[in-house]
$ cat upload.cif   # mmCIF, C-alpha atoms
data_coords
#
loop_
_atom_site.group_PDB
_atom_site.id
_atom_site.type_symbol
_atom_site.label_atom_id
_atom_site.label_comp_id
_atom_site.auth_asym_id
_atom_site.auth_seq_id
_atom_site.Cartn_x
_atom_site.Cartn_y
_atom_site.Cartn_z
ATOM 1 C CA MET A 15 140.072 49.801 100.842
ATOM 2 C CA ARG A 16 141.101 49.569 104.471
ATOM 3 C CA ARG A 17 144.353 50.451 106.195
ATOM 4 C CA ALA A 18 145.960 47.976 108.555
ATOM 5 C CA VAL A 19 148.743 47.707 111.045
ATOM 6 C CA PHE A 20 150.432 44.340 110.655
ATOM 7 C CA LEU A 21 151.687 43.397 114.106
ATOM 8 C CA ASP A 22 154.250 40.990 115.348
ATOM 9 C CA ARG A 23 152.838 39.325 118.482
ATOM 10 C CA ASP A 24 155.694 38.176 120.708
ATOM 11 C CA ASN A 25 157.680 40.987 122.367
ATOM 12 C CA THR A 26 155.611 43.525 120.440
ATOM 13 C CA LEU A 27 152.164 43.029 121.982
ATOM 14 C CA ILE A 28 152.929 40.485 124.715
ATOM 15 C CA HIS A 29 155.974 39.562 126.742
ATOM 16 C CA ASP A 30 157.587 36.390 125.420
ATOM 17 C CA PRO A 31 159.906 34.566 127.812
ATOM 18 C CA GLY A 32 160.738 32.174 124.943
ATOM 19 C CA PHE A 33 158.320 30.160 122.806
ATOM 20 C CA ILE A 34 155.297 31.285 124.816
ATOM 21 C CA HIS A 35 152.472 28.765 124.648
ATOM 22 C CA GLU A 36 150.771 28.987 128.037
ATOM 23 C CA PRO A 37 147.758 31.345 128.030
ATOM 24 C CA GLU A 38 148.149 32.016 131.747
ATOM 25 C CA LYS A 39 151.578 33.570 131.084
ATOM 26 C CA VAL A 40 150.304 36.163 128.593
ATOM 27 C CA ARG A 41 151.178 39.696 129.734
ATOM 28 C CA LEU A 42 150.499 42.796 127.656
ATOM 29 C CA LEU A 43 153.476 45.066 127.116
ATOM 30 C CA GLU A 44 153.500 48.716 128.118
ATOM 31 C CA GLY A 45 151.427 50.971 125.894
ATOM 32 C CA VAL A 46 149.746 48.170 123.931
ATOM 33 C CA VAL A 47 146.166 48.906 125.020
ATOM 34 C CA GLU A 48 146.515 52.651 124.515
ATOM 35 C CA GLY A 49 148.331 52.201 121.209
ATOM 36 C CA LEU A 50 145.767 49.782 119.802
ATOM 37 C CA LYS A 51 142.940 52.124 120.818
ATOM 38 C CA LEU A 52 144.662 55.019 119.064
ATOM 39 C CA LEU A 53 145.208 52.969 115.901
ATOM 40 C CA LYS A 54 141.614 51.694 115.929
ATOM 41 C CA GLU A 55 140.227 55.229 116.340
ATOM 42 C CA ALA A 56 142.351 56.297 113.346
ATOM 43 C CA GLY A 57 140.798 53.524 111.237
ATOM 44 C CA PHE A 58 143.609 50.967 111.225
ATOM 45 C CA LEU A 59 142.744 47.263 111.311
ATOM 46 C CA PRO A 60 145.056 45.380 113.726
ATOM 47 C CA VAL A 61 146.271 42.097 112.201
ATOM 48 C CA VAL A 62 148.967 39.840 113.641
ATOM 49 C CA ILE A 63 151.611 38.394 111.304
ATOM 50 C CA SER A 64 153.810 36.044 113.335
ATOM 51 C CA ASN A 65 156.578 33.497 112.910
ATOM 52 C CA GLN A 66 155.834 30.571 115.228
ATOM 53 C CA SER A 67 158.727 28.164 114.694
ATOM 54 C CA GLY A 68 157.992 26.614 118.094
ATOM 55 C CA ILE A 69 155.218 24.673 116.359
ATOM 56 C CA GLY A 70 157.594 23.290 113.718
ATOM 57 C CA ARG A 71 160.196 22.512 116.373
ATOM 58 C CA GLY A 72 157.637 20.553 118.404
ATOM 59 C CA TYR A 73 157.826 22.904 121.427
ATOM 60 C CA PHE A 74 154.077 23.544 121.367
ATOM 61 C CA THR A 75 151.016 22.804 119.280
ATOM 62 C CA GLU A 76 148.941 24.960 116.963
ATOM 63 C CA ARG A 77 146.127 24.604 119.494
ATOM 64 C CA GLU A 78 148.359 26.149 122.182
ATOM 65 C CA PHE A 79 149.254 28.970 119.780
ATOM 66 C CA TRP A 80 145.547 29.741 119.297
ATOM 67 C CA ALA A 81 144.962 29.590 123.064
ATOM 68 C CA VAL A 82 147.595 32.319 123.563
ATOM 69 C CA ASN A 83 145.881 34.425 120.883
ATOM 70 C CA ALA A 84 142.524 33.951 122.589
ATOM 71 C CA ARG A 85 144.037 35.052 125.904
ATOM 72 C CA LEU A 86 145.535 38.128 124.244
ATOM 73 C CA ASN A 87 142.100 39.145 122.959
ATOM 74 C CA GLU A 88 140.547 38.376 126.373
ATOM 75 C CA LEU A 89 142.973 40.833 127.970
ATOM 76 C CA LEU A 90 142.183 43.469 125.332
ATOM 77 C CA ALA A 91 138.380 43.050 125.366
ATOM 78 C CA PRO A 92 137.660 45.127 128.505
ATOM 79 C CA HIS A 93 139.407 48.044 126.771
ATOM 80 C CA GLY A 94 137.260 47.846 123.639
ATOM 81 C CA VAL A 95 139.983 46.633 121.276
ATOM 82 C CA GLN A 96 140.754 43.299 119.624
ATOM 83 C CA ILE A 97 143.205 41.824 117.180
ATOM 84 C CA GLU A 98 141.024 41.254 114.111
ATOM 85 C CA ASP A 99 142.932 38.286 112.728
ATOM 86 C CA PHE A 100 146.055 36.184 113.168
ATOM 87 C CA PHE A 101 148.262 34.875 110.354
ATOM 88 C CA PHE A 102 151.269 32.744 111.216
ATOM 89 C CA CYS A 103 154.110 30.680 109.855
ATOM 90 C CA PRO A 104 154.517 27.398 111.789
ATOM 91 C CA HIS A 105 157.763 26.374 110.085
ATOM 92 C CA ARG A 106 161.324 26.168 111.360
ATOM 93 C CA PRO A 107 163.753 28.660 109.814
ATOM 94 C CA ASP A 108 165.667 25.852 108.051
ATOM 95 C CA GLU A 109 162.542 24.717 106.172
ATOM 96 C CA ASN A 110 162.877 27.683 103.764
ATOM 97 C CA CYS A 111 159.120 28.077 103.405
ATOM 98 C CA ASP A 112 157.529 31.028 101.611
ATOM 99 C CA CYS A 113 155.408 32.179 104.568
ATOM 100 C CA ARG A 114 158.110 33.010 107.131
ATOM 101 C CA LYS A 115 158.784 36.703 107.734
ATOM 102 C CA PRO A 116 160.260 38.658 106.085
ATOM 103 C CA SER A 117 158.378 37.017 103.204
ATOM 104 C CA PRO A 118 155.285 39.122 102.429
ATOM 105 C CA ARG A 119 153.023 36.123 101.710
ATOM 106 C CA LEU A 120 150.985 36.395 104.938
ATOM 107 C CA VAL A 121 150.533 40.155 104.469
ATOM 108 C CA PHE A 122 149.223 39.497 100.966
ATOM 109 C CA GLU A 123 146.820 36.848 102.325
ATOM 110 C CA ALA A 124 145.533 39.257 104.983
ATOM 111 C CA ALA A 125 145.135 42.013 102.391
ATOM 112 C CA ARG A 126 143.047 39.769 100.140
ATOM 113 C CA LYS A 127 140.869 38.566 103.018
ATOM 114 C CA TRP A 128 140.236 41.987 104.567
ATOM 115 C CA GLY A 129 140.416 44.330 101.555
ATOM 116 C CA ILE A 130 143.545 46.069 102.844
ATOM 117 C CA ASP A 131 145.504 48.717 100.953
ATOM 118 C CA ILE A 132 149.037 47.567 101.755
ATOM 119 C CA SER A 133 150.585 50.822 100.501
ATOM 120 C CA GLU A 134 148.706 52.726 103.235
ATOM 121 C CA SER A 135 149.477 50.174 105.960
ATOM 122 C CA PHE A 136 152.297 49.743 108.472
ATOM 123 C CA VAL A 137 154.203 46.955 110.235
ATOM 124 C CA ILE A 138 155.067 47.138 113.941
ATOM 125 C CA GLY A 139 157.448 44.538 115.335
ATOM 126 C CA ASP A 140 160.506 43.957 117.466
ATOM 127 C CA ARG A 141 163.052 42.669 114.927
ATOM 128 C CA ASP A 142 164.725 43.720 111.726
ATOM 129 C CA SER A 143 162.768 40.972 109.935
ATOM 130 C CA ASP A 144 159.632 43.037 110.665
ATOM 131 C CA LEU A 145 161.193 46.050 108.924
ATOM 132 C CA MET A 146 162.084 43.826 105.982
ATOM 133 C CA LEU A 147 158.522 42.512 105.922
ATOM 134 C CA ALA A 148 157.222 46.078 105.572
ATOM 135 C CA PHE A 149 159.678 46.729 102.727
ATOM 136 C CA ASN A 150 159.029 43.417 100.950
ATOM 137 C CA ALA A 151 155.246 43.813 101.146
ATOM 138 C CA GLY A 152 155.266 47.440 99.978
ATOM 139 C CA CYS A 153 153.872 48.889 103.198
ATOM 140 C CA ARG A 154 154.031 52.594 103.926
ATOM 141 C CA GLY A 155 156.479 51.897 106.755
ATOM 142 C CA GLY A 156 157.827 49.577 109.408
ATOM 143 C CA LEU A 157 158.570 50.386 113.042
ATOM 144 C CA ILE A 158 160.537 48.543 115.700
ATOM 145 C CA VAL A 159 159.416 48.813 119.334
ATOM 146 C CA GLY A 160 161.765 48.448 122.262
ATOM 147 C CA ARG A 161 164.505 50.699 120.928
ATOM 148 C CA GLU A 162 164.815 54.380 120.027
ATOM 149 C CA PRO A 163 162.769 56.202 118.973
ATOM 150 C CA PHE A 164 159.878 53.820 119.718
ATOM 151 C CA LYS A 165 160.476 52.568 123.239
ATOM 152 C CA THR A 166 156.852 51.442 123.642
ATOM 153 C CA PHE A 167 154.037 50.316 121.390
ATOM 154 C CA LEU A 168 152.235 53.563 122.177
ATOM 155 C CA ASP A 169 155.194 55.548 120.789
ATOM 156 C CA ALA A 170 154.906 53.640 117.505
ATOM 157 C CA ALA A 171 151.125 54.101 117.359
ATOM 158 C CA ARG A 172 151.468 57.847 117.978
ATOM 159 C CA PHE A 173 154.010 58.092 115.180
ATOM 160 C CA ILE A 174 151.703 56.309 112.722
ATOM 161 C CA VAL A 175 148.595 58.278 113.656
ATOM 162 C CA GLY A 176 150.465 61.581 113.888
ATOM 163 C CA GLY A 177 152.239 61.121 110.612
ATOM 164 C CA GLY A 178 155.695 62.127 111.796
ATOM 165 C CA ASP A 179 158.285 62.599 114.520
ATOM 166 C CA GLU A 180 156.218 65.339 116.153
ATOM 167 C CA ALA A 181 153.818 62.622 117.328
ATOM 168 C CA LEU A 182 156.499 61.352 119.705
ATOM 169 C CA LEU A 183 156.681 64.602 121.641
ATOM 170 C CA SER A 184 154.575 65.022 124.756
ATOM 171 C CA ASP A 185 152.432 68.147 125.134
ATOM 172 C CA LYS A 186 155.058 69.478 127.574
ATOM 173 C CA ASP A 187 157.810 69.024 124.968
ATOM 174 C CA LYS A 188 155.780 70.880 122.323
ATOM 175 C CA ALA A 189 155.315 73.949 124.544
#

$ encode --input "upload.cif" --output "structure tokens"
Amino acid sequence: MRRAVFLDRDNTLIHDPGFIHEPEKVRLLEGVVEGLKLLKEAGFLPVVISNQSGIGRGYFTEREFWAVNARLNELLAPHGVQIEDFFFCPHRPDENCDCRKPSPRLVFEAARKWGIDISESFVIGDRDSDLMLAFNAGCRGGLIVGREPFKTFLDAARFIVGGGDEALLSDKDKA
């Protein structure tokens, strides 16, 4: 079975000014390319699991959501990395669906489709709901980027690949 890193998209991989739906506004966050390369080299399958309530609220369409995903992969392609698949919840929070994070339903769907061992996989996101997703799905761990100790995506990727806090230290710090 394969290992995966289940990724939030907005404010984890790309900057989200609020309900992003315009492909031309897609901007990769610091450390994303390097972090994805590191994870790929370590054998992790990158899969996005994303709440997209903007669709349910009528702010943008599913087609616009997919256009943003396509642009994300276009920006990653020259670096030899891609997001393998995208799973999303289009519902508003008040709809109480069973696919909205932190529900593990979309992780389970991805695991079935890709032959993923959830217990050896991780979640990287920007909110506490991403940590809860990791817990609810039975992942090995969940990490939040944008706050200590994982200021960037690359910090989180180093932690996963390195297997511990030591991965966050630079070579200078280890000396």

$ resolve_selection --input "upload.cif" --expression "the PyMOL selection byres ((chain A and resi 62) around 12)" --output "JSON, numbers by chain"
{"A": [18, 19, 20, 21, 22, 23, 24, 26, 27, 28, 59, 60, 61, 63, 64, 65, 66, 83, 86, 87, 96, 97, 98, 99, 100, 101, 102, 103, 115, 120, 121, 123, 124, 136, 137, 138, 139, 144]}

$ write_last_selection --input "upload.cif" --atoms "C-alpha atoms" --output "compact mmCIF listing (two decimals), keeping the file's coordinate frame"
# COMPACT_ATOMS: atom_id res chain seq x y z
CA ALA A 18 145.96 47.98 108.56
CA VAL A 19 148.74 47.71 111.04
CA PHE A 20 150.43 44.34 110.66
CA LEU A 21 151.69 43.40 114.11
CA ASP A 22 154.25 40.99 115.35
CA ARG A 23 152.84 39.33 118.48
CA ASP A 24 155.69 38.18 120.71
CA THR A 26 155.61 43.52 120.44
CA LEU A 27 152.16 43.03 121.98
CA ILE A 28 152.93 40.48 124.72
CA LEU A 59 142.74 47.26 111.31
CA PRO A 60 145.06 45.38 113.73
CA VAL A 61 146.27 42.10 112.20
CA ILE A 63 151.61 38.39 111.30
CA SER A 64 153.81 36.04 113.34
CA ASN A 65 156.58 33.50 112.91
CA GLN A 66 155.83 30.57 115.23
CA ASN A 83 145.88 34.42 120.88
CA LEU A 86 145.54 38.13 124.24
CA ASN A 87 142.10 39.15 122.96
CA GLN A 96 140.75 43.30 119.62
CA ILE A 97 143.21 41.82 117.18
CA GLU A 98 141.02 41.25 114.11
CA ASP A 99 142.93 38.29 112.73
CA PHE A 100 146.06 36.18 113.17
CA PHE A 101 148.26 34.88 110.35
CA PHE A 102 151.27 32.74 111.22
CA CYS A 103 154.11 30.68 109.86
CA LYS A 115 158.78 36.70 107.73
CA LEU A 120 150.99 36.40 104.94
CA VAL A 121 150.53 40.16 104.47
CA GLU A 123 146.82 36.85 102.32
CA ALA A 124 145.53 39.26 104.98
CA PHE A 136 152.30 49.74 108.47
CA VAL A 137 154.20 46.96 110.24
CA ILE A 138 155.07 47.14 113.94
CA GLY A 139 157.45 44.54 115.34
CA ASP A 144 159.63 43.04 110.66

$ closest_residue --input "upload.cif" --among "A:Glu36, A:Ser67, A:Ile130, A:Glu88" --to "Arg114 of chain A" --atoms "all atoms listed in the file"
A:Ser67

$ resolve_selection --input "upload.cif" --expression "the PyMOL selection byres ((chain A and resi 69) around 12)" --output "list in words"
Phe33, Ile34, His35, Ser64, Asn65, Gln66, Ser67, Gly68, Gly70, Arg71, Gly72, Tyr73, Phe74, Thr75, Glu76, Arg77, Glu78, Phe79, Trp80, Phe102, Cys103, Pro104, His105, Arg106 and Pro107 of chain A

$ residues_around --input "upload.cif" --residues "Asn25 of chain A" --least-positions-apart "3" --cutoff "9 Å" --atoms "all atoms listed in the file" --output "list in words"
Asp22, Ile28, His29, Asp30, Pro31, Leu43, Gly139, Asp140, Val159 and Gly160 of chain A

$ write_last_selection --input "upload.cif" --atoms "C-alpha atoms" --output "CSV table (one decimal), in the frame of the given file"
chain,number,residue,atom,x,y,z
A,22,ASP,CA,154.2,41.0,115.3
A,28,ILE,CA,152.9,40.5,124.7
A,29,HIS,CA,156.0,39.6,126.7
A,30,ASP,CA,157.6,36.4,125.4
A,31,PRO,CA,159.9,34.6,127.8
A,43,LEU,CA,153.5,45.1,127.1
A,139,GLY,CA,157.4,44.5,115.3
A,140,ASP,CA,160.5,44.0,117.5
A,159,VAL,CA,159.4,48.8,119.3
A,160,GLY,CA,161.8,48.4,122.3

$ closest_residue --input "upload.cif" --among "A:Leu52, A:Val40, A:Arg154, A:Asp131" --to "Ala84 of chain A" --atoms "all atoms listed in the file"
A:Val40

$ resolve_selection --input "upload.cif" --expression "the PyMOL selection byres ((chain A and resi 146-148) around 7)" --output "ChimeraX atom specification"
/A:115-118,136-137,142-145,149-153,155-156

$ atom_distance --input "upload.cif" --atom1 "atom CA of Ser135 of chain A" --atom2 "atom CA of Phe167 of chain A"
16.1 Å

$ closest_residue --input "upload.cif" --among "A:Ala91, A:Met15, A:Ala125, A:Val82" --to "Leu50 of chain A" --atoms "all atoms listed in the file"
A:Ala91

$ axis_aligned_box --input "upload.cif" --around "segment 143-150 of chain A" --padding-each-side "8 Å" --output "JSON"
{"center_x": 160.0, "center_y": 43.9, "center_z": 105.8, "size_x": 21.5, "size_y": 21.8, "size_z": 25.7}

$ atom_distance --input "upload.cif" --atom1 "atom CA of Lys127 of chain A" --atom2 "atom CA of Ile158 of chain A"
25.4 Å

$ atom_distance --input "upload.cif" --atom1 "atom CA of Thr166 of chain A" --atom2 "atom CA of Phe122 of chain A"
26.7 Å

$ closest_residue --input "upload.cif" --among "A:Glu134, A:Cys111, A:Leu89, A:Gly49" --to "Phe173 of chain A" --atoms "all atoms listed in the file"
A:Gly49

$ build_atoms --input "upload.cif" --residues "segment 49-60 of chain A" --atoms "all heavy atoms" --output "short mmCIF file (atom, residue, chain, number, x, y, z; two decimals), keeping the file's coordinate frame"
data_model
loop_
_atom_site.label_atom_id
_atom_site.label_comp_id
_atom_site.auth_asym_id
_atom_site.auth_seq_id
_atom_site.Cartn_x
_atom_site.Cartn_y
_atom_site.Cartn_z
N GLY A 49 147.92 52.13 122.61
CA GLY A 49 148.33 52.20 121.21
C GLY A 49 147.32 51.58 120.26
O GLY A 49 147.01 52.13 119.21
N LEU A 50 146.78 50.43 120.64
CA LEU A 50 145.77 49.78 119.80
C LEU A 50 144.50 50.62 119.73
O LEU A 50 143.88 50.72 118.66
CB LEU A 50 145.45 48.38 120.32
CG LEU A 50 146.52 47.32 120.05
CD1 LEU A 50 146.17 46.01 120.77
CD2 LEU A 50 146.69 47.08 118.55
N LYS A 51 144.11 51.25 120.84
CA LYS A 51 142.94 52.12 120.82
C LYS A 51 143.16 53.30 119.87
O LYS A 51 142.27 53.65 119.08
CB LYS A 51 142.64 52.64 122.23
CG LYS A 51 142.03 51.62 123.14
CD LYS A 51 141.96 52.15 124.55
CE LYS A 51 140.53 52.30 124.97
NZ LYS A 51 140.39 52.67 126.39
N LEU A 52 144.32 53.90 119.93
CA LEU A 52 144.66 55.02 119.06
C LEU A 52 144.61 54.61 117.59
O LEU A 52 144.03 55.31 116.75
CB LEU A 52 146.05 55.53 119.45
CG LEU A 52 146.51 56.86 118.90
CD1 LEU A 52 145.62 57.99 119.40
CD2 LEU A 52 147.95 57.11 119.33
N LEU A 53 145.20 53.46 117.28
CA LEU A 53 145.21 52.97 115.90
C LEU A 53 143.79 52.65 115.42
O LEU A 53 143.42 52.98 114.29
CB LEU A 53 146.11 51.75 115.79
CG LEU A 53 147.60 52.02 115.95
CD1 LEU A 53 148.37 50.73 116.18
CD2 LEU A 53 148.15 52.79 114.75
N LYS A 54 143.00 52.04 116.29
CA LYS A 54 141.61 51.69 115.93
C LYS A 54 140.81 52.96 115.65
O LYS A 54 140.08 53.04 114.66
CB LYS A 54 140.97 50.89 117.05
CG LYS A 54 139.53 50.51 116.78
CD LYS A 54 138.90 49.77 117.94
CE LYS A 54 137.43 49.51 117.68
NZ LYS A 54 136.77 48.90 118.83
N GLU A 55 140.95 53.97 116.52
CA GLU A 55 140.23 55.23 116.34
C GLU A 55 140.63 55.92 115.04
O GLU A 55 139.83 56.64 114.44
CB GLU A 55 140.47 56.15 117.53
CG GLU A 55 139.78 55.68 118.79
CD GLU A 55 140.27 56.39 120.06
OE1 GLU A 55 141.09 57.34 119.95
OE2 GLU A 55 139.83 55.99 121.15
N ALA A 56 141.85 55.71 114.59
CA ALA A 56 142.35 56.30 113.35
C ALA A 56 141.98 55.45 112.12
O ALA A 56 142.36 55.79 111.00
CB ALA A 56 143.86 56.49 113.42
N GLY A 57 141.28 54.34 112.35
CA GLY A 57 140.80 53.52 111.24
C GLY A 57 141.72 52.41 110.78
O GLY A 57 141.52 51.85 109.71
N PHE A 58 142.71 52.06 111.59
CA PHE A 58 143.61 50.97 111.22
C PHE A 58 143.08 49.64 111.77
O PHE A 58 142.66 49.55 112.92
CB PHE A 58 145.02 51.21 111.79
CG PHE A 58 145.78 52.26 111.05
CD1 PHE A 58 145.74 53.58 111.49
CD2 PHE A 58 146.53 51.94 109.93
CE1 PHE A 58 146.44 54.57 110.82
CE2 PHE A 58 147.24 52.93 109.24
CZ PHE A 58 147.19 54.25 109.69
N LEU A 59 143.14 48.61 110.94
CA LEU A 59 142.74 47.26 111.31
C LEU A 59 143.96 46.55 111.89
O LEU A 59 144.98 46.41 111.20
CB LEU A 59 142.25 46.52 110.07
CG LEU A 59 141.68 45.14 110.24
CD1 LEU A 59 140.28 45.23 110.85
CD2 LEU A 59 141.61 44.43 108.89
N PRO A 60 143.91 46.09 113.15
CA PRO A 60 145.06 45.38 113.73
C PRO A 60 145.06 43.90 113.35
O PRO A 60 144.11 43.17 113.64
CB PRO A 60 144.88 45.57 115.24
CG PRO A 60 143.42 45.83 115.43
CD PRO A 60 142.88 46.38 114.15
#
